[in-house]
Amino acid sequence: MSKNMMSKSRTSVSRRGFLRNAVKGSAAAAAAACTTVVAAPPEANALVRPPKPLPPDAVGLLYDSTLCIGCKACVTACKEVNHMPPDVGPAQQGWNAGGGDKPIYDSPVELSAKTLNVIKAYSHGTGATKDAAENGFAFIKRQCLHCADPSCVSVCPVSAMTKDAKTGIVNHDPSACIGCRYCVLSCPFGVPKYDYNDAFGEIKKCQLCKQQLAKNELPGCADVCPTGATLFGRTEDLKAEAKRRTALKVGEYTHFPRGDIAGKVGGPRSGHEKLVEAAYQTHIYGEKELGGTQCLAVSAVPFDKLNLPTNVPENGYPTLSEGIQHTLYAGMIAPATVFAGLAYLAHRNTKNHTDE
């Protein structure tokens, strides 16, 4: 074999080896950088950024499962206020077809691109007693909880999901959305929904009827609730009311407000006196879950039976994911490490080729 052919052969092998080793080396360097940062126990806290607090005037809802009668007036009002179409699932098509394209009833069974708020029911055994975990039934309201540190806002690459600095409401801007659906995947409560039936599908979620609040009117669900099971107000005021209720004893008479707990938004509403018939759980859902939420819930039935996630941490997931990102990219540590690994491999392979 001629010297020229041997040189070409060595050059070809050297290039392939370089590319192979470069890929392995850069991956190893990046992994080493991550391992160095993540595995060091003394610096573990540096990976978690501080949780974001709620704005002082954050607003939300308090849902009381013991007051809910399952009338679903809140679902209907939500549809009307937000101009949402009827939601009829495949299982209801047979009996709910109606005439033409219009169903007889709006019959949503879960949150969807057509339903921003839904009432679901828990039933056990005979289902004879309301608000009883054994042989009883209870209701739960599903909607966006407007987290203090929302995952959907953290993962959105174009800031289509934002959290209002004053009200704390988690908003979605369809004009900025690129349809990546990261928010759908990231929400631990399964709230944002994508409309797959529309060629120009959008993300849909409860935005606390912000258009109503701008007119000093209540969100649709709180406006029509006949028992005050859905109550609007400042989150801090609602939290205090939730603590008052969970301290109540069976057999006590107490006052339950309606509309806005402060009587300002939408005007004052008359509440009602009611006997406490079921012992409240001490757990206030949303007080601590994932850093806290602006929409809270109280119930006499444990929340895990009501199909709400109870095995979530007290800090929002973005405190860790953003903490890791900020740590890795602070001072360009990770990119610099990868570049150094590539530079070393390039130098080593060049030296080996020269020696040959």
# chains A, B, ... in the order shown; residues from 1 in each chain; ligands from 1
$ residues_around --residues "A:Asn216" --least-positions-apart "5" --cutoff "12 Å" --atoms "only C-alpha atoms" --output "PyMOL selection string"
chain A and resi 209-211+223+260+263-267
$ write_last_selection --atoms "all heavy atoms" --output "JSON list (two decimals), in the first residue's frame"
[["chain", "number", "residue", "atom", "x", "y", "z"],
["A", 209, "CYS", "N", -62.55, 33.74, 35.70],
["A", 209, "CYS", "CA", -63.46, 34.73, 35.10],
["A", 209, "CYS", "C", -62.92, 36.14, 35.27],
["A", 209, "CYS", "O", -63.61, 37.05, 35.76],
["A", 209, "CYS", "CB", -64.85, 34.62, 35.73],
["A", 209, "CYS", "SG", -65.74, 33.11, 35.32],
["A", 210, "LYS", "N", -61.68, 36.34, 34.85],
["A", 210, "LYS", "CA", -61.03, 37.65, 35.02],
["A", 210, "LYS", "C", -61.80, 38.76, 34.30],
["A", 210, "LYS", "O", -61.74, 39.92, 34.71],
["A", 210, "LYS", "CB", -59.59, 37.60, 34.53],
["A", 210, "LYS", "CG", -59.43, 37.24, 33.05],
["A", 210, "LYS", "CD", -57.97, 37.19, 32.67],
["A", 210, "LYS", "CE", -57.80, 36.86, 31.17],
["A", 210, "LYS", "NZ", -56.38, 36.83, 30.78],
["A", 211, "GLN", "N", -62.51, 38.41, 33.24],
["A", 211, "GLN", "CA", -63.30, 39.41, 32.53],
["A", 211, "GLN", "C", -64.47, 39.88, 33.40],
["A", 211, "GLN", "O", -64.90, 41.03, 33.31],
["A", 211, "GLN", "CB", -63.80, 38.85, 31.19],
["A", 211, "GLN", "CG", -64.93, 37.84, 31.27],
["A", 211, "GLN", "CD", -64.48, 36.44, 31.59],
["A", 211, "GLN", "OE1", -63.36, 36.22, 32.00],
["A", 211, "GLN", "NE2", -65.37, 35.47, 31.40],
["A", 223, "ASP", "N", -70.96, 33.10, 41.65],
["A", 223, "ASP", "CA", -72.12, 33.97, 41.53],
["A", 223, "ASP", "C", -73.43, 33.21, 41.70],
["A", 223, "ASP", "O", -74.38, 33.72, 42.29],
["A", 223, "ASP", "CB", -72.08, 34.67, 40.17],
["A", 223, "ASP", "CG", -73.16, 35.71, 40.01],
["A", 223, "ASP", "OD1", -73.52, 36.35, 41.00],
["A", 223, "ASP", "OD2", -73.65, 35.89, 38.88],
["A", 260, "ASP", "N", -68.98, 36.88, 47.57],
["A", 260, "ASP", "CA", -67.65, 37.35, 47.98],
["A", 260, "ASP", "C", -67.62, 37.40, 49.50],
["A", 260, "ASP", "O", -68.50, 38.00, 50.13],
["A", 260, "ASP", "CB", -67.40, 38.74, 47.39],
["A", 260, "ASP", "CG", -66.09, 39.36, 47.86],
["A", 260, "ASP", "OD1", -65.23, 38.62, 48.39],
["A", 260, "ASP", "OD2", -65.93, 40.58, 47.72],
["A", 263, "GLY", "N", -67.98, 40.74, 50.71],
["A", 263, "GLY", "CA", -69.18, 41.45, 50.31],
["A", 263, "GLY", "C", -68.94, 42.62, 49.37],
["A", 263, "GLY", "O", -69.80, 43.49, 49.23],
["A", 264, "LYS", "N", -67.78, 42.67, 48.71],
["A", 264, "LYS", "CA", -67.45, 43.78, 47.83],
["A", 264, "LYS", "C", -67.70, 43.45, 46.36],
["A", 264, "LYS", "O", -68.44, 44.15, 45.67],
["A", 264, "LYS", "CB", -65.99, 44.20, 48.04],
["A", 264, "LYS", "CG", -65.70, 44.73, 49.44],
["A", 264, "LYS", "CD", -64.24, 45.11, 49.58],
["A", 264, "LYS", "CE", -63.94, 45.63, 50.99],
["A", 264, "LYS", "NZ", -62.50, 45.97, 51.14],
["A", 265, "VAL", "N", -67.06, 42.41, 45.87],
["A", 265, "VAL", "CA", -67.22, 42.04, 44.46],
["A", 265, "VAL", "C", -68.61, 41.46, 44.25],
["A", 265, "VAL", "O", -69.01, 40.51, 44.92],
["A", 265, "VAL", "CB", -66.15, 41.01, 44.03],
["A", 265, "VAL", "CG1", -66.34, 40.62, 42.57],
["A", 265, "VAL", "CG2", -64.76, 41.58, 44.25],
["A", 266, "GLY", "N", -69.34, 42.04, 43.32],
["A", 266, "GLY", "CA", -70.69, 41.56, 43.05],
["A", 266, "GLY", "C", -71.72, 42.03, 44.05],
["A", 266, "GLY", "O", -72.89, 41.64, 43.95],
["A", 267, "GLY", "N", -71.32, 42.81, 45.02],
["A", 267, "GLY", "CA", -72.26, 43.31, 46.02],
["A", 267, "GLY", "C", -72.48, 42.30, 47.14],
["A", 267, "GLY", "O", -72.15, 41.12, 47.01]]
$ select_by_dssp --residues "stretch 68-211 of chain A" --states "alpha helix (DSSP H)" --output "list in words"
Ala73, Cys74, Val75, Thr76, Ala77, Cys78, Lys79, Glu80, Val81, Asn82, Ser151, Cys152, Val153, Ser154, Val155, Tyr182, Cys183, Val184, Leu185, Ser186, Lys210 and Gln211 of chain A
$ residues_around --residues "stretch 294-297 of chain A" --least-positions-apart "3" --cutoff "6 Å" --atoms "only C-alpha atoms" --output "PyMOL selection string"
chain A and resi 60-64+145-146+235+284-286
$ residues_around --residues "A:Val191" --least-positions-apart "6" --cutoff "8 Å" --atoms "only C-alpha atoms" --output "ChimeraX atom specification"
/A:111,143-144,184,205
$ atom_distance --atom1 "atom CA of A:Ile69" --atom2 "atom CA of A:Gln212"
24.7 Å
$ closest_residue --among "A:Ala176, A:Cys74, A:Ala121, A:Val48" --to "A:Asn307" --atoms "only C-alpha atoms"
A:Ala121
$ closest_residue --among "A:Pro226, A:Pro50, A:Gly316, A:Gly136" --to "A:His272" --atoms "only C-alpha atoms"
A:Pro226
$ atom_distance --atom1 "atom CA of A:Leu290" --atom2 "atom CA of A:Val312"
6.5 Å
$ atom_distance --atom1 "atom CA of A:Gly233" --atom2 "atom CA of A:Ser159"
26.8 Å
$ residues_around --residues "A:Val155" --least-positions-apart "5" --cutoff "12 Å" --atoms "only C-alpha atoms" --output "number ranges by chain"
A: 149-150, 160-162, 180-187, 317-319, 321-322, 325
